[in-house]
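**Q** The file below is protein-v7.txt, compact mmCIF, C-alpha atoms (C1' of nucleotides):
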```txt
# COMPACT_ATOMS: atom_id res chain seq x y z
CA MET A 1 -18.13 -18.56 7.23
CA THR A 2 -17.35 -18.00 10.89
CA LEU A 3 -13.82 -18.89 11.76
CA THR A 4 -12.82 -21.24 14.53
CA PRO A 5 -9.87 -20.09 16.64
CA ILE A 6 -7.39 -22.27 14.76
CA GLN A 7 -8.66 -21.10 11.40
CA GLN A 8 -8.43 -17.56 12.69
CA GLU A 9 -4.81 -18.13 13.64
CA PHE A 10 -4.02 -19.57 10.22
CA VAL A 11 -5.59 -16.56 8.52
CA LEU A 12 -3.76 -14.09 10.74
CA HIS A 13 -0.46 -15.87 10.11
CA PHE A 14 -0.90 -15.51 6.37
CA GLY A 15 -1.69 -11.88 6.90
CA GLU A 16 1.49 -11.36 8.87
CA MET A 17 3.63 -13.27 6.39
CA GLY A 18 2.10 -11.31 3.54
CA SER A 19 4.68 -8.55 3.62
CA ARG A 20 7.51 -11.09 3.40
CA TRP A 21 5.77 -12.76 0.48
CA GLY A 22 5.26 -9.54 -1.42
CA ILE A 23 1.55 -9.17 -0.83
CA ASN A 24 -0.25 -7.08 1.74
CA ARG A 25 -1.94 -8.25 4.88
CA THR A 26 -5.46 -8.27 3.51
CA VAL A 27 -4.44 -10.20 0.40
CA GLY A 28 -2.71 -12.78 2.58
CA GLN A 29 -5.77 -13.14 4.76
CA ILE A 30 -8.15 -13.44 1.85
CA TYR A 31 -6.01 -16.14 0.35
CA ALA A 32 -5.76 -18.05 3.60
CA LEU A 33 -9.51 -17.88 4.04
CA LEU A 34 -10.23 -19.15 0.55
CA PHE A 35 -7.61 -21.84 0.97
CA LEU A 36 -9.37 -23.22 4.04
CA SER A 37 -12.90 -22.84 2.78
CA PRO A 38 -14.54 -25.99 1.42
CA ASP A 39 -16.85 -23.84 -0.69
CA PRO A 40 -16.36 -20.80 -2.88
CA LEU A 41 -16.91 -17.54 -1.02
CA ASN A 42 -18.29 -14.24 -2.24
CA ALA A 43 -16.87 -10.84 -1.38
CA GLU A 44 -19.53 -10.16 1.22
CA ALA A 45 -18.74 -13.39 3.09
CA ILE A 46 -15.02 -12.60 2.98
CA THR A 47 -15.67 -9.10 4.29
CA ARG A 48 -17.62 -10.48 7.24
CA ALA A 49 -15.01 -13.12 8.03
CA LEU A 50 -12.04 -10.73 7.92
CA ASP A 51 -13.61 -7.55 9.22
CA VAL A 52 -12.06 -5.15 6.75
CA SER A 53 -13.74 -2.82 4.30
CA ARG A 54 -15.62 -4.11 1.32
CA SER A 55 -13.50 -2.05 -1.04
CA ASN A 56 -10.31 -3.46 0.39
CA ILE A 57 -11.61 -6.96 -0.31
CA SER A 58 -12.44 -5.92 -3.84
CA MET A 59 -8.91 -4.70 -4.41
CA GLY A 60 -7.44 -7.77 -2.75
CA LEU A 61 -9.44 -10.09 -4.96
CA LYS A 62 -8.30 -8.18 -8.01
CA GLU A 63 -4.72 -8.56 -6.89
CA LEU A 64 -5.12 -12.28 -6.31
CA GLN A 65 -6.67 -12.63 -9.74
CA SER A 66 -3.72 -10.80 -11.28
CA TRP A 67 -1.54 -13.40 -9.57
CA ASN A 68 -3.73 -16.15 -11.04
CA LEU A 69 -4.03 -17.48 -7.54
CA ILE A 70 -7.80 -17.65 -7.33
CA ARG A 71 -10.61 -18.69 -9.63
CA MET A 72 -13.91 -16.91 -10.05
CA ARG A 73 -17.02 -19.03 -10.12
CA HIS A 74 -20.74 -18.47 -10.33
CA MET A 75 -23.67 -20.16 -8.69
CA GLN A 76 -26.99 -20.95 -10.31
CA GLY A 77 -29.40 -18.08 -9.72
CA ASP A 78 -26.92 -15.89 -7.86
CA ARG A 79 -25.16 -13.10 -9.63
CA ARG A 80 -22.47 -12.53 -7.06
CA ASP A 81 -18.89 -13.57 -7.83
CA TYR A 82 -17.57 -16.50 -5.85
CA PHE A 83 -13.91 -17.30 -5.41
CA THR A 84 -11.86 -20.40 -4.70
CA THR A 85 -8.25 -21.51 -4.66
CA PRO A 86 -7.27 -24.43 -6.88
CA ASP A 87 -8.12 -27.76 -5.23
CA ASP A 88 -4.78 -29.27 -6.13
CA ILE A 89 -2.18 -27.76 -3.89
CA TRP A 90 0.54 -28.53 -6.44
CA ASP A 91 -1.24 -26.28 -8.90
CA ILE A 92 -0.95 -23.54 -6.33
CA VAL A 93 2.79 -24.10 -6.01
CA ARG A 94 3.25 -24.07 -9.77
CA ILE A 95 1.35 -20.82 -10.10
CA LEU A 96 3.24 -19.22 -7.25
CA VAL A 97 6.61 -20.16 -8.65
CA ALA A 98 5.63 -19.04 -12.15
CA GLU A 99 4.36 -15.69 -10.95
CA ARG A 100 7.30 -14.99 -8.70
CA LYS A 101 9.68 -15.86 -11.49
CA LYS A 102 7.77 -13.51 -13.77
CA ARG A 103 7.91 -10.65 -11.30
CA GLU A 104 11.24 -11.16 -9.57
CA ILE A 105 13.54 -12.83 -12.10
CA ASP A 106 12.44 -12.19 -15.67
CA PRO A 107 12.71 -8.40 -15.54
CA THR A 108 16.28 -8.68 -14.31
CA LEU A 109 17.25 -11.21 -16.97
CA THR A 110 15.84 -8.83 -19.57
CA LYS A 111 17.68 -5.89 -18.06
CA LEU A 112 20.99 -7.77 -17.95
CA ARG A 113 20.69 -8.70 -21.61
CA GLU A 114 19.88 -5.10 -22.41
CA LEU A 115 22.94 -3.88 -20.55
CA GLU A 116 25.17 -6.36 -22.34
CA MET A 117 23.75 -5.23 -25.69
CA GLN A 118 24.59 -1.65 -24.90
CA GLY A 119 28.29 -2.52 -24.83
CA GLY A 120 30.42 -2.89 -21.74
CA THR A 121 30.34 -1.04 -18.45
CA GLY A 122 33.83 0.25 -19.09
CA ASN A 123 35.19 -2.09 -16.43
CA SER A 124 36.16 -5.65 -17.23
CA TYR A 125 35.35 -6.97 -13.78
CA SER A 126 31.86 -5.46 -13.85
CA ASP A 127 31.33 -6.84 -17.33
CA ALA A 128 32.35 -10.30 -16.19
CA ARG A 129 30.06 -10.10 -13.15
CA ILE A 130 27.09 -9.05 -15.23
CA SER A 131 27.61 -11.75 -17.80
CA GLU A 132 28.14 -14.38 -15.10
CA LEU A 133 24.92 -13.31 -13.44
CA ARG A 134 23.04 -13.33 -16.73
CA GLU A 135 24.32 -16.84 -17.50
CA LEU A 136 23.35 -18.11 -14.09
CA ILE A 137 19.87 -16.70 -14.25
CA ALA A 138 19.43 -18.03 -17.78
CA MET A 139 20.48 -21.49 -16.61
CA MET A 140 18.04 -21.40 -13.72
CA THR A 141 15.30 -20.20 -15.99
CA ASP A 142 15.93 -23.03 -18.43
CA PHE A 143 15.92 -25.51 -15.58
CA TYR A 144 12.67 -24.06 -14.35
CA ASN A 145 11.15 -24.62 -17.78
CA ASP A 146 12.16 -28.29 -17.67
CA ILE A 147 10.85 -28.78 -14.16
CA GLU A 148 7.63 -26.98 -14.87
CA ARG A 149 6.76 -29.53 -17.53
CA LEU A 150 7.05 -32.50 -15.18
CA GLU A 151 3.82 -34.04 -14.00
CA THR A 152 3.28 -33.89 -10.27
CA GLU A 153 4.04 -37.57 -9.86
CA ARG A 154 7.53 -37.24 -11.35
CA LEU A 155 8.13 -34.03 -9.46
CA VAL A 156 7.37 -35.76 -6.19
CA LYS A 157 9.67 -38.61 -7.15
CA LEU A 158 12.46 -36.18 -7.85
CA MET A 159 11.92 -34.41 -4.58
CA THR A 160 11.93 -37.62 -2.57
CA LEU A 161 15.08 -39.05 -4.11
CA GLY A 162 16.96 -37.94 -1.04
CA GLY A 163 20.63 -38.77 -0.89
CA ARG A 164 20.45 -40.80 -4.09
CA ILE A 165 20.22 -37.65 -6.14
CA ALA A 166 23.98 -37.08 -6.31
CA GLY A 167 24.60 -40.59 -7.65
CA LEU A 168 21.86 -40.18 -10.17
CA ILE A 169 23.34 -36.98 -11.51
CA ASP A 170 26.70 -38.67 -11.86
CA LYS A 171 25.15 -41.59 -13.68
CA ALA A 172 23.46 -39.26 -16.16
CA ASP A 173 26.72 -37.49 -16.61
CA GLY A 174 28.54 -40.75 -17.20
CA VAL A 175 26.12 -41.56 -19.99
CA MET A 176 26.77 -38.15 -21.49
CA ALA A 177 30.51 -38.62 -21.32
CA SER A 178 30.35 -42.06 -22.93
CA LEU A 179 28.37 -40.55 -25.77
CA GLY A 180 31.07 -37.97 -26.27
CA LYS A 181 28.80 -35.19 -25.13
CA GLY A 182 30.42 -34.57 -21.77
CA ARG A 183 30.97 -31.00 -20.61
CA MET B 1 34.14 4.42 -7.32
CA THR B 2 32.50 6.56 -9.96
CA LEU B 3 29.90 4.68 -11.90
CA THR B 4 29.77 4.46 -15.66
CA PRO B 5 26.29 4.86 -17.17
CA ILE B 6 25.79 1.11 -17.58
CA GLN B 7 26.90 0.43 -14.02
CA GLN B 8 24.57 3.18 -12.91
CA GLU B 9 21.70 1.51 -14.72
CA PHE B 10 22.50 -1.84 -13.12
CA VAL B 11 22.54 -0.25 -9.69
CA LEU B 12 19.27 1.59 -10.26
CA HIS B 13 17.63 -1.59 -11.52
CA PHE B 14 18.56 -3.44 -8.35
CA GLY B 15 17.17 -0.54 -6.37
CA GLU B 16 13.88 -0.71 -8.21
CA MET B 17 13.64 -4.50 -7.92
CA GLY B 18 14.43 -4.26 -4.23
CA SER B 19 10.85 -3.94 -3.13
CA ARG B 20 9.88 -7.09 -5.07
CA TRP B 21 12.78 -8.92 -3.50
CA GLY B 22 11.89 -7.92 0.03
CA ILE B 23 14.64 -5.37 0.53
CA ASN B 24 14.50 -1.62 0.18
CA ARG B 25 15.88 0.51 -2.60
CA THR B 26 19.06 1.51 -0.84
CA VAL B 27 19.87 -2.05 0.17
CA GLY B 28 19.37 -3.18 -3.41
CA GLN B 29 21.63 -0.44 -4.69
CA ILE B 30 24.36 -1.12 -2.15
CA TYR B 31 24.33 -4.76 -3.07
CA ALA B 32 24.48 -4.05 -6.79
CA LEU B 33 27.38 -1.70 -6.27
CA LEU B 34 29.36 -4.19 -4.22
CA PHE B 35 28.55 -6.90 -6.70
CA LEU B 36 30.11 -4.92 -9.55
CA SER B 37 33.06 -3.59 -7.63
CA PRO B 38 36.38 -5.41 -8.17
CA ASP B 39 37.56 -4.20 -4.78
CA PRO B 40 35.98 -4.00 -1.35
CA LEU B 41 34.31 -0.66 -0.64
CA ASN B 42 33.97 1.28 2.57
CA ALA B 43 30.82 3.05 3.69
CA GLU B 44 32.12 6.44 2.66
CA ALA B 45 32.80 5.26 -0.91
CA ILE B 46 29.36 3.70 -1.12
CA THR B 47 27.76 6.89 0.14
CA ARG B 48 29.49 8.91 -2.55
CA ALA B 49 28.59 6.46 -5.30
CA LEU B 50 24.92 6.23 -4.37
CA ASP B 51 24.23 9.72 -3.14
CA VAL B 52 22.17 8.82 -0.09
CA SER B 53 22.84 9.61 3.55
CA ARG B 54 25.67 8.00 5.43
CA SER B 55 23.30 6.68 8.07
CA ASN B 56 21.15 5.04 5.44
CA ILE B 57 24.21 3.23 4.13
CA SER B 58 25.05 2.13 7.64
CA MET B 59 21.61 0.63 8.10
CA GLY B 60 21.70 -0.94 4.67
CA LEU B 61 25.02 -2.61 5.36
CA LYS B 62 23.68 -3.94 8.63
CA GLU B 63 20.69 -5.38 6.83
CA LEU B 64 22.90 -7.00 4.19
CA GLN B 65 25.04 -8.48 6.94
CA SER B 66 21.97 -9.89 8.64
CA TRP B 67 21.20 -11.56 5.31
CA ASN B 68 24.75 -12.89 5.19
CA LEU B 69 25.01 -11.40 1.74
CA ILE B 70 28.16 -9.37 2.25
CA ARG B 71 31.49 -9.91 3.95
CA MET B 72 33.37 -7.38 6.01
CA ARG B 73 37.09 -7.03 5.43
CA HIS B 74 39.88 -4.85 6.68
CA MET B 75 42.85 -3.29 4.97
CA GLN B 76 46.33 -2.98 6.42
CA GLY B 77 46.71 0.36 8.17
CA ASP B 78 43.11 1.44 7.58
CA ARG B 79 40.55 1.08 10.32
CA ARG B 80 37.51 1.55 8.16
CA ASP B 81 35.26 -1.42 7.37
CA TYR B 82 35.31 -2.62 3.80
CA PHE B 83 32.63 -4.78 2.23
CA THR B 84 32.42 -7.26 -0.62
CA THR B 85 30.02 -9.79 -2.03
CA PRO B 86 31.23 -13.38 -2.30
CA ASP B 87 33.35 -13.90 -5.42
CA ASP B 88 31.58 -17.11 -6.33
CA ILE B 89 28.19 -16.22 -7.65
CA TRP B 90 26.87 -19.66 -6.70
CA ASP B 91 27.64 -18.89 -3.09
CA ILE B 92 25.41 -15.86 -3.47
CA VAL B 93 22.58 -17.99 -4.80
CA ARG B 94 22.94 -20.49 -1.99
CA ILE B 95 22.86 -17.75 0.61
CA LEU B 96 19.86 -16.07 -0.99
CA VAL B 97 17.86 -19.27 -1.14
CA ALA B 98 18.80 -20.21 2.41
CA GLU B 99 17.82 -16.82 3.78
CA ARG B 100 14.58 -16.60 1.87
CA LYS B 101 13.64 -20.06 3.03
CA LYS B 102 14.43 -19.04 6.59
CA ARG B 103 12.29 -15.91 6.39
CA GLU B 104 9.48 -16.93 4.09
CA ILE B 105 8.99 -20.67 4.56
CA ASP B 106 10.27 -21.88 7.89
CA PRO B 107 8.01 -19.70 10.05
CA THR B 108 4.98 -21.02 8.22
CA LEU B 109 6.05 -24.65 8.54
CA THR B 110 6.48 -24.08 12.26
CA LYS B 111 3.11 -22.39 12.49
CA LEU B 112 1.35 -25.18 10.62
CA ARG B 113 2.84 -27.80 12.92
CA GLU B 114 1.76 -25.73 15.89
CA LEU B 115 -1.78 -25.50 14.58
CA GLU B 116 -1.93 -29.24 14.01
CA MET B 117 -0.67 -29.86 17.54
CA GLN B 118 -3.43 -27.71 18.94
CA GLY B 119 -6.05 -30.15 17.61
CA GLY B 120 -8.21 -29.62 14.58
CA THR B 121 -9.81 -26.50 13.21
CA GLY B 122 -13.24 -27.98 13.76
CA ASN B 123 -13.65 -28.47 10.04
CA SER B 124 -12.39 -31.57 8.29
CA TYR B 125 -11.74 -29.81 5.02
CA SER B 126 -9.65 -27.12 6.69
CA ASP B 127 -7.77 -29.77 8.61
CA ALA B 128 -7.01 -31.66 5.43
CA ARG B 129 -5.87 -28.49 3.68
CA ILE B 130 -3.55 -27.53 6.50
CA SER B 131 -2.00 -30.96 6.73
CA GLU B 132 -1.61 -31.18 2.97
CA LEU B 133 0.14 -27.83 2.99
CA ARG B 134 2.36 -28.84 5.87
CA GLU B 135 3.33 -32.06 4.08
CA LEU B 136 4.11 -30.23 0.88
CA ILE B 137 6.26 -27.64 2.58
CA ALA B 138 8.06 -30.34 4.54
CA MET B 139 8.78 -32.23 1.34
CA MET B 140 10.15 -29.14 -0.34
CA THR B 141 12.24 -28.36 2.71
CA ASP B 142 13.72 -31.85 2.73
CA PHE B 143 14.46 -31.58 -0.96
CA TYR B 144 16.11 -28.26 -0.36
CA ASN B 145 18.36 -29.87 2.22
CA ASP B 146 19.46 -32.51 -0.28
CA ILE B 147 20.10 -29.98 -3.02
CA GLU B 148 21.94 -27.64 -0.72
CA ARG B 149 24.53 -30.31 -0.07
CA LEU B 150 25.39 -30.79 -3.73
CA GLU B 151 28.63 -29.27 -4.92
CA THR B 152 28.22 -26.63 -7.57
CA GLU B 153 29.47 -28.94 -10.29
CA ARG B 154 26.74 -31.50 -9.65
CA LEU B 155 24.14 -28.77 -9.27
CA VAL B 156 25.03 -27.40 -12.67
CA LYS B 157 24.85 -30.89 -14.14
CA LEU B 158 21.40 -31.35 -12.67
CA MET B 159 20.23 -28.03 -14.00
CA THR B 160 21.54 -28.72 -17.49
CA LEU B 161 20.01 -32.18 -17.81
CA GLY B 162 17.24 -30.64 -19.86
CA GLY B 163 14.63 -32.99 -21.24
CA ARG B 164 16.52 -36.02 -19.97
CA ILE B 165 15.44 -35.30 -16.45
CA ALA B 166 12.08 -37.06 -16.73
CA GLY B 167 13.69 -40.26 -17.96
CA LEU B 168 16.25 -40.09 -15.23
CA ILE B 169 13.60 -39.82 -12.56
CA ASP B 170 11.81 -42.81 -14.00
CA LYS B 171 15.01 -44.80 -14.08
CA ALA B 172 15.67 -44.05 -10.42
CA ASP B 173 12.13 -45.04 -9.66
CA GLY B 174 12.56 -48.28 -11.57
CA VAL B 175 15.55 -49.16 -9.45
CA MET B 176 13.56 -48.41 -6.33
CA ALA B 177 10.69 -50.59 -7.53
CA SER B 178 12.98 -53.51 -8.35
CA LEU B 179 14.37 -53.29 -4.84
CA GLY B 180 10.88 -53.50 -3.43
CA LYS B 181 11.07 -49.99 -2.09
CA GLY B 182 8.72 -48.45 -4.61
CA ARG B 183 6.21 -45.89 -3.46
C1' DC C 1 43.24 12.63 27.86
C1' DA C 2 41.84 15.72 24.18
C1' DT C 3 41.31 15.18 19.31
C1' DT C 4 40.41 12.88 15.21
C1' DT C 5 38.18 9.32 12.64
C1' DA C 6 34.71 5.80 11.86
C1' DT C 7 30.32 3.90 12.83
C1' DT C 8 25.75 3.40 14.88
C1' DT C 9 21.55 4.90 16.85
C1' DC C 10 17.37 7.13 16.83
C1' DA C 11 13.67 10.68 16.68
C1' DG C 12 11.28 12.76 13.47
C1' DA C 13 10.60 13.89 8.30
C1' DA C 14 9.51 12.12 3.91
C1' DA C 15 7.88 8.74 0.96
C1' DT C 16 5.23 4.89 0.06
C1' DT C 17 1.75 1.56 0.77
C1' DT C 18 -2.50 0.15 2.53
C1' DC C 19 -7.10 0.91 3.72
C1' DT C 20 -11.63 3.19 3.96
C1' DG C 21 -16.01 5.36 2.74
C1' DA C 22 -18.42 7.54 -0.65
C1' DA C 23 -19.53 7.82 -5.23
C1' DA C 24 -19.69 5.83 -9.72
C1' DC C 25 -20.67 2.08 -12.47
C1' DA C 26 -22.96 -2.09 -14.02
C1' DT C 27 -26.45 -5.35 -14.20
C1' DC C 28 -30.61 -7.44 -13.00
C1' DT C 29 -35.71 -7.38 -11.59
C1' DG C 30 -40.38 -6.20 -11.58
C1' DC D 1 -37.27 2.71 -16.36
C1' DA D 2 -37.05 3.00 -11.22
C1' DG D 3 -35.25 0.53 -7.76
C1' DA D 4 -32.45 -3.14 -5.92
C1' DT D 5 -28.21 -5.60 -5.80
C1' DG D 6 -23.40 -6.22 -6.52
C1' DT D 7 -18.74 -4.46 -7.85
C1' DT D 8 -15.14 -1.13 -8.78
C1' DT D 9 -12.88 3.19 -8.51
C1' DC D 10 -10.65 6.71 -6.26
C1' DA D 11 -9.42 10.65 -3.20
C1' DG D 12 -7.89 11.17 1.03
C1' DA D 13 -6.88 9.07 5.78
C1' DA D 14 -4.19 5.91 8.28
C1' DA D 15 -0.45 2.96 8.80
C1' DT D 16 3.96 1.53 7.69
C1' DT D 17 8.46 1.85 5.79
C1' DT D 18 12.37 4.34 4.45
C1' DC D 19 15.51 7.95 4.93
C1' DT D 20 18.00 11.85 7.09
C1' DG D 21 20.68 14.69 10.24
C1' DA D 22 22.18 15.19 14.66
C1' DA D 23 23.81 13.15 18.61
C1' DA D 24 25.88 9.22 20.81
C1' DT D 25 29.24 5.63 20.84
C1' DA D 26 33.61 3.54 19.95
C1' DA D 27 38.30 3.25 18.99
C1' DA D 28 42.74 4.95 17.54
C1' DT D 29 46.37 8.74 17.68
C1' DG D 30 49.56 12.04 19.35
```
Do you think you could lay out the structure here as structure tokens?
**A**
Amino acid sequence: MTLTPIQQEFVLHFGEMGSRWGINRTVGQIYALLFLSPDPLNAEAITRALDVSRSNISMGLKELQSWNLIRMRHMQGDRRDYFTTPDDIWDIVRILVAERKKREIDPTLTKLRELEMQGGTGNSYSDARISELRELIAMMTDFYNDIERLETERLVKLMTLGGRIAGLIDKADGVMASLGKGR
Amino acid sequence: MTLTPIQQEFVLHFGEMGSRWGINRTVGQIYALLFLSPDPLNAEAITRALDVSRSNISMGLKELQSWNLIRMRHMQGDRRDYFTTPDDIWDIVRILVAERKKREIDPTLTKLRELEMQGGTGNSYSDARISELRELIAMMTDFYNDIERLETERLVKLMTLGGRIAGLIDKADGVMASLGKGR
DNA sequence: CATTTATTTCAGAAATTTCTGAAACATCTG
DNA sequence: CAGATGTTTCAGAAATTTCTGAAATAAATG
């Protein structure tokens, strides 16, 4: 896999964005490369394309696997490991969101619950802030669980509702109210 | 502001999570402290509470201001700067999402458009991948713009729809179809 | 305008993260 | 099993980020 200039630029961009996304440069570049590649690549091919050390690639691949972001595959009569990104780009988004939630949100939700268990902070404002935050994160987490279950088709429909979304929410709410379940 | 043990733990947690959230430990701790504090705090008070250098606090506050995550206030007859987090926790969420989008998503959308402008990569699969990715990010960005406009009340309603959300999407789609605008 | 008070800047120190090359490990082949 | 092939581990080097203390800047006070 020799990269054309545009592919090169794409790969370098992912490398640069890596630090903002919570991965390192090499991991970003490996992912970008696999994302663009029509075929699975082995570590040796990745090393040649990115011009970093073989061991760095090995660690990067391990990291990407821990993120569930790449799949390992094998070829007939070749004992090297080959890697790909999921074909369906929506799968990639789902994985990314799931993993970021797991790393960036869940530990805090757990910690907040822990803190609340341990009794108050000794300050009513702090207590209120913590419980507000816990409630908000719990609500977002529940919403995430509902959204996560939607098939891609419905998800796309939701996302393309545009301005009609407000009316739709109100309509759903109206139904709730008429059923005596309003909040 | 002397911290109780539970407040201390909250502050330390935010410090530790900082690196996953794309901020450093001190910035995380400052934010946690301001979040819990009923009253605005000045840099000196923050320095005492967190036990790091005054200059580090100064830089941390600057960083938080660049994120729009804190507000500067002044007290009558006191020329020191005081800082708070927004009272409404939903405002905090909105700001966070907006800033992360700005830093983590927008540059990539711009880059992808740039790459597409420059003509293809020389590989049809790569081209398709890039344009798919650009479309997906654009869709999510548009959705974000719609959501961002919703008042908190409607946002909460949306998030608490639970399992009914799928049906609601279908209903909206049905209306679209009957109007001959189906996609 | 000299002094006091508050804040920022910045060069270098400290800490952390990333990366490399060499060695270890693992597995296959003849 | 000896050699070949492929992967991982890991100690230290390199790069990057964070943090500090001292100096600079800014603004108010008497």
**Q** Write out as AutoDock Vina command-line options an axis-aligned box for segment 4-19 of chain D: all of its atoms listed in the file, 4 Å added on each side, centre and edge lengths in Å with one decimal.
**A**
```
--center_x -8.5 --center_y 2.5 --center_z 0.0 --size_x 56.0 --size_y 25.4 --size_z 25.6
```
**Q** Compute the set of chain C residues within 9 Å of chain B, using only C-alpha atoms (C1' of nucleotides), and express it as a PyMOL selection string.
**A** chain C and resi 5-8
**Q** List the neighbours of Thr85 of chain A out to 7 Å using all atoms listed in the file; skip same-chain residues closer than 2 positions along the sequence, and give me the result as a VMD selection string.
**A** chain A and resid 34 to 35 69 to 71 87
**Q** By how many Å are atom CA of Asn24 of chain A and atom CA of Ser131 of chain B apart?
**A**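 Taking atom CA of Asn24 of chain A and atom CA of Ser131 of chain B, their separation equals 24.5 Å.
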**Q** Do me a favour and pick out the residues of chain D within 10 Å of chain B, using only C-alpha atoms (C1' of nucleotides), as a PDB file with C-alpha atoms (C1' of nucleotides), in the frame of the given file.
**A**
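As written to disk, iface_39.pdb reads:
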```
ATOM      1  C1'  DT D  17       8.460   1.850   5.790  1.00  0.00           C
ATOM      2  C1'  DT D  18      12.370   4.340   4.450  1.00  0.00           C
ATOM      3  C1'  DC D  19      15.510   7.950   4.930  1.00  0.00           C
ATOM      4  C1'  DT D  20      18.000  11.850   7.090  1.00  0.00           C
ATOM      5  C1'  DG D  21      20.680  14.690  10.240  1.00  0.00           C
ATOM      6  C1'  DA D  27      38.300   3.250  18.990  1.00  0.00           C
ATOM      7  C1'  DA D  28      42.740   4.950  17.540  1.00  0.00           C
TER       8       DA D  28
END
```
**Q** Show me, as a PyMOL selection string, every residue of chain B with an atom at most 8 Å from chain A, counting all atoms listed in the file.
**A** chain B and resi 4-7+10+13+17+20-22+35-38+89+103-104+108+111-112+115+118+120-122+125-126+129-130+132-133+139-140+142-143+146+150+154+157-160+162-163+165-166+168-170+172-173
**Q** Using only C-alpha atoms (C1' of nucleotides), give me every residue within 8 Å of (-15.0, 0.2, -12.5) in file coordinates, as a PyMOL selection string.
**A** (chain C and resi 24-25) or (chain D and resi 7-9)
**Q** Pick out the residues sitting within 9 Å of DT9 of chain C, and hand them over as a VMD selection string; count only C-alpha atoms (C1' of nucleotides), and ignore anything fewer than 3 positions along from it in its own chain.
**A** chain D and resid 23 to 25
**Q** How about saving the chosen residues, C-alpha atoms (C1' of nucleotides) kept, as a compact mmCIF listing (two decimals), keeping the file's coordinate frame?
**A**
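Result went into out37.txt, see below:
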```txt
# COMPACT_ATOMS: atom_id res chain seq x y z
C1' DA D 23 23.81 13.15 18.61
C1' DA D 24 25.88 9.22 20.81
C1' DT D 25 29.24 5.63 20.84
```
**Q** Could you state the separation of atom C1' of DG3 of chain D and atom CA of Gly77 of chain A in Å, given to one decimal place?
**A**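 Result for atom C1' of DG3 of chain D versus atom CA of Gly77 of chain A: 19.6 Å, one decimal.
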**Q** Expressed in Å to a single decimal, how great is the separation between atom CA of Thr152 of chain A and atom CA of Ile92 of chain A?
**A**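 That distance, rounded to one decimal, is 11.9 Å.
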